[in-house]
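Engineer: Sharing data.txt (compact mmCIF, C-alpha atoms) below.
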```
# COMPACT_ATOMS: atom_id res chain seq x y z
CA MET A 317 0.00 0.00 0.00
CA LYS A 318 1.32 3.45 -0.85
CA PRO A 319 1.55 6.02 1.98
CA ILE A 320 -1.69 7.81 2.90
CA GLU A 321 -2.58 10.94 4.90
CA VAL A 322 -5.51 10.68 7.33
CA ALA A 323 -6.52 13.55 9.65
CA GLY A 324 -2.93 14.75 9.99
CA TRP A 325 -1.45 11.25 10.29
CA ARG A 326 1.05 10.04 7.69
CA VAL A 327 0.69 6.28 7.36
CA VAL A 328 3.25 3.99 5.71
CA SER A 329 3.35 0.22 5.37
CA LEU A 330 6.17 -1.77 6.94
CA GLY A 331 5.12 -5.03 5.30
CA THR A 332 3.70 -8.31 6.56
CA GLU A 333 4.85 -10.71 9.28
CA ARG A 334 3.48 -13.64 11.26
CA VAL A 335 2.60 -12.86 14.88
CA VAL A 336 0.96 -14.63 17.80
CA ALA A 337 -1.91 -12.59 19.20
CA GLN A 338 -5.35 -12.80 20.75
CA ASP A 339 -8.29 -12.49 18.37
CA VAL A 340 -11.44 -10.51 19.18
CA GLY A 341 -13.03 -13.68 20.59
CA GLY A 342 -10.19 -14.09 23.10
CA LYS A 343 -8.51 -17.06 21.41
CA ARG A 344 -4.71 -16.87 21.10
CA GLY A 345 -3.23 -17.94 17.79
CA ALA A 346 -1.07 -17.16 14.78
CA ALA A 347 -2.06 -14.26 12.56
CA GLU A 348 -0.75 -12.63 9.44
CA ALA A 349 -0.13 -9.00 10.40
CA HIS A 350 0.24 -6.20 7.91
CA ILE A 351 2.08 -3.56 9.93
CA PHE A 352 1.72 0.20 9.45
CA VAL A 353 3.40 3.15 11.12
CA ALA A 354 1.26 6.24 11.64
CA ARG A 355 3.06 9.46 12.60
CA ARG A 356 1.76 12.86 13.55
CA GLU A 357 4.02 15.65 14.77
CA ASP A 358 1.95 16.47 17.85
CA ALA A 359 1.10 12.85 18.73
CA GLY A 360 4.17 10.70 18.18
CA MET A 361 4.05 7.34 16.44
CA LEU A 362 1.61 4.44 16.49
CA GLU A 363 2.31 1.00 15.09
CA ILE A 364 -1.00 -0.31 13.80
CA GLY A 365 -1.65 -3.85 12.62
CA HIS A 366 -4.22 -5.32 10.28
CA LEU A 367 -4.33 -8.86 11.73
CA ALA A 368 -5.87 -11.80 9.85
CA PHE A 369 -6.60 -14.92 11.95
CA GLY A 370 -8.07 -17.09 9.20
CA ARG A 371 -11.79 -16.62 9.81
CA SER A 372 -11.55 -13.24 11.53
CA SER A 373 -9.55 -10.06 11.16
CA ASP A 374 -9.19 -6.72 12.90
CA VAL A 375 -7.27 -3.47 13.05
CA ARG A 376 -5.50 -2.61 16.31
CA CYS A 377 -2.71 -0.58 17.83
CA LEU A 378 0.32 -2.74 18.55
CA ARG A 379 2.77 -0.18 20.02
CA TYR A 380 3.27 3.53 20.56
CA SER A 381 6.31 5.77 20.92
CA SER A 382 7.39 7.36 24.19
CA ASP A 383 6.13 10.78 23.03
CA THR A 384 2.60 9.51 22.31
CA PRO A 385 -0.02 11.22 24.54
CA GLU A 386 -1.26 9.11 27.45
CA VAL A 387 -4.84 9.16 26.18
CA LEU A 388 -3.73 6.92 23.26
CA HIS A 389 -2.03 4.30 25.47
CA ARG A 390 -5.44 2.62 25.95
CA LEU A 391 -5.36 1.58 22.30
CA THR A 392 -2.90 -1.25 23.01
CA HIS A 393 -5.41 -2.73 25.49
CA GLY A 394 -8.54 -2.67 23.39
CA LEU A 395 -10.81 -0.65 21.11
CA ARG A 396 -9.95 -2.98 18.22
CA MET A 397 -11.89 -2.63 14.99
CA SER A 398 -13.32 -5.97 13.86
CA ILE A 399 -13.63 -6.50 10.10
CA GLN A 400 -16.60 -8.47 8.84
CA ASP A 401 -16.83 -10.17 5.43
CA VAL A 402 -19.68 -9.91 2.91
CA ASP A 403 -20.14 -11.06 -0.69
CA GLY A 404 -18.29 -14.32 -0.01
CA GLY A 405 -15.29 -12.46 1.37
CA ALA A 406 -14.83 -10.16 -1.66
CA LYS A 407 -15.84 -7.17 0.45
CA GLY A 408 -15.43 -6.23 4.07
CA TRP A 409 -17.11 -3.78 6.38
CA VAL A 410 -16.47 -2.17 9.73
CA GLU A 411 -18.86 -0.47 12.08
CA LEU A 412 -17.96 3.17 12.75
CA ARG A 413 -18.16 3.25 16.54
CA GLN A 414 -16.34 6.16 18.19
CA ALA A 415 -13.83 6.01 21.04
CA ARG A 416 -14.73 8.42 23.85
CA ILE A 417 -12.96 9.20 27.11
CA LYS A 418 -14.70 8.17 30.32
CA PRO A 419 -14.90 11.40 32.39
CA GLY A 420 -13.05 11.27 35.70
CA ALA A 421 -11.48 7.85 35.13
CA THR A 422 -8.03 7.33 36.64
CA PRO A 423 -6.04 6.21 34.80
CA ILE A 424 -7.50 7.67 31.61
CA TRP A 425 -9.91 5.16 30.08
CA SER A 426 -12.09 5.07 26.99
CA ASN A 427 -14.81 2.93 25.45
CA LEU A 428 -16.63 2.70 22.11
CA TYR A 429 -20.00 4.34 21.43
CA GLY A 430 -22.41 4.54 18.53
CA ALA A 431 -22.12 7.91 16.80
CA THR A 432 -23.90 10.05 14.26
CA GLU A 433 -22.05 11.25 11.18
CA GLU A 434 -21.80 14.71 12.73
CA GLU A 435 -20.24 13.27 15.92
CA LEU A 436 -17.76 11.26 13.84
CA ASP A 437 -16.78 14.37 11.86
CA GLU A 438 -16.40 16.46 14.99
CA GLY A 439 -14.23 13.85 16.70
CA ALA A 440 -12.06 13.30 13.62
CA GLY A 441 -11.74 16.98 12.73
CA VAL A 442 -12.49 16.11 9.09
CA SER A 443 -15.36 14.72 7.05
CA VAL A 444 -15.18 11.00 7.76
CA ARG A 445 -17.36 10.20 4.74
CA GLU A 446 -15.16 12.21 2.35
CA CYS A 447 -11.97 10.66 3.70
CA LEU A 448 -13.23 7.05 3.55
CA GLU A 449 -14.86 7.46 0.15
CA ALA A 450 -11.69 9.08 -1.28
CA LEU A 451 -9.87 5.86 -0.32
CA GLY A 452 -12.48 3.64 -2.03
CA GLY A 453 -14.98 2.96 0.76
CA ARG A 454 -18.76 3.45 0.83
CA MET A 455 -20.20 4.89 4.05
CA GLY A 456 -23.79 4.45 5.16
CA THR A 457 -26.04 2.67 7.63
CA ARG A 458 -25.98 -1.09 8.08
CA ALA A 459 -29.49 -1.12 6.58
CA SER A 460 -28.51 0.78 3.42
CA LEU A 461 -25.20 -1.00 2.75
CA LEU A 462 -25.78 -4.49 4.17
CA GLY A 463 -29.56 -4.91 4.12
CA ASP A 464 -29.56 -5.25 7.94
CA ASP A 465 -33.06 -5.03 9.42
CA GLY A 466 -32.04 -5.78 13.02
CA ARG A 467 -31.67 -3.48 16.00
CA LYS A 468 -28.31 -2.11 14.71
CA ARG A 469 -29.66 -1.26 11.25
CA ARG A 470 -29.11 2.50 11.82
CA ALA A 471 -25.48 2.11 12.91
CA LEU A 472 -22.96 3.67 10.53
CA CYS A 473 -20.44 1.50 8.76
CA VAL A 474 -18.11 1.55 5.78
CA LEU A 475 -18.02 -1.07 3.03
CA PHE A 476 -14.82 -1.70 1.02
CA ASP A 477 -13.07 -4.15 -1.26
CA ARG A 478 -11.39 -6.71 1.02
CA GLY A 479 -7.95 -6.11 -0.50
CA ASN A 480 -8.13 -2.39 0.23
CA LEU A 481 -6.37 -2.05 3.60
CA ALA A 482 -6.40 1.76 3.45
CA VAL A 483 -10.14 2.01 4.26
CA PRO A 484 -10.22 0.05 7.55
CA LEU A 485 -6.91 1.62 8.58
CA ALA A 486 -8.30 5.12 7.96
CA ALA A 487 -11.56 4.20 9.73
CA TYR A 488 -9.51 3.13 12.77
CA LEU A 489 -7.59 6.42 12.84
CA LEU A 490 -10.77 8.48 12.36
CA THR A 491 -12.93 6.69 14.94
CA ARG A 492 -10.43 5.54 17.57
CA VAL A 493 -7.31 7.70 17.49
CA ALA A 494 -8.58 11.13 16.38
CA PRO A 495 -11.48 11.45 18.87
CA LEU A 496 -9.25 10.46 21.79
CA LEU A 497 -6.69 13.09 20.79
CA ALA A 498 -9.51 15.63 20.44
CA GLY A 499 -10.65 14.85 23.98
CA VAL A 500 -14.13 13.60 23.03
CA GLU A 501 -15.83 12.49 26.27
CA ALA A 502 -18.67 10.06 26.84
CA GLY A 503 -21.84 11.92 27.68
```
Please express what this file holds, its structure, as structure tokens.

Structural biologist:
Amino acid sequence: MKPIEVAGWRVVSLGTERVVAQDVGGKRGAAEAHIFVARREDAGMLEIGHLAFGRSSDVRCLRYSSDTPEVLHRLTHGLRMSIQDVDGGAKGWVELRQARIKPGATPIWSNLYGATEEELDEGAGVSVRECLEALGGRMGTRASLLGDDGRKRRALCVLFDRGNLAVPLAAYLLTRVAPLLAGVEAG
């Protein structure tokens, strides 16, 4: 993948390696990890992995530099972005839940929350839709993009070609990293 710019972050690929990690379900196993480095002058460096465990995959923060703000340290402990397959695995999608800081928590802690498009834009400091669509994604509700008629049908997500790693990586930066740096709090 060629370098991309997302909300002030410059992201470059370091290549692929095999790692042992815990999947979203809690099972430890081997994964193919495509490793990226994201740098931003005022926020240090994050090493972000796109991990594929066979039947599941996710995007997560693997490491951070010593000059990375404390609010981002939580990312190595959770807030992973699970990637779901559709169209027989030809396409993937991720739900656009937003990381928000829990007020008064010591140490600083954050969780994921459903968000409107306006909340996503405010937390990211850019138009999330424009950014994701410029990289080849399609943003909308689970109902409009996936035909979901369940209780989460109004949740926002982005649909992308499975080989396009830029879209889920950008979605992670826009919905996890950027809102934490902006100080978005749970209400």

Engineer: Would you mind reading off the distance between atom CA of A:Val442 and atom CA of A:Leu412, one decimal, in Å?

Structural biologist: 14.5 Å

Engineer: Give me the residues near A:Ile364 as a ChimeraX atom specification, where near means some atom within 10 Å (using only C-alpha atoms) and where sequence neighbours in that chain fewer than 5 positions away do not count.

Structural biologist: /A:327,329,349-354,375-380,391-392,485,488-489

Engineer: Identify which of the residues A:Val410, A:Ala498, A:Val328, A:Val336 lies closest to A:Cys473, counting only C-alpha atoms when measuring atom-to-atom distances.

Structural biologist: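 Of A:Val410, A:Ala498, A:Val328, A:Val336, the one nearest A:Cys473 is A:Val410, counting only C-alpha atoms.
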
Engineer: Where does stretch 338-401 of chain A meet stretch 415-431 of chain A within 8 Å, residue by residue, with the nearest atom pair and distance in Å to one decimal for each, counting all atoms listed in the file, listed by chain and rising number, as JSON lines?

Structural biologist:
```
{"residue": "A:Glu386", "atom": "CA", "partner": "A:Ile424", "partner_atom": "CA", "distance": 7.6}
{"residue": "A:Val387", "atom": "CA", "partner": "A:Ile424", "partner_atom": "CA", "distance": 6.2}
{"residue": "A:Arg390", "atom": "CA", "partner": "A:Trp425", "partner_atom": "CA", "distance": 6.6}
{"residue": "A:Leu395", "atom": "CA", "partner": "A:Leu428", "partner_atom": "CA", "distance": 6.8}
```

Engineer: Please list as JSON, numbers by chain every residue within 7 Å of A:Thr457, counting only C-alpha atoms and excluding residues in the same chain fewer than 3 positions away.

Structural biologist: {"A": [460, 461, 469, 470, 471, 472, 473]}

Engineer: Here is a test: counting all atoms listed in the file, which residue of A:Arg344, A:Lys318, A:His366, A:Arg396 is nearest to A:Arg492?

Structural biologist: A:Arg396
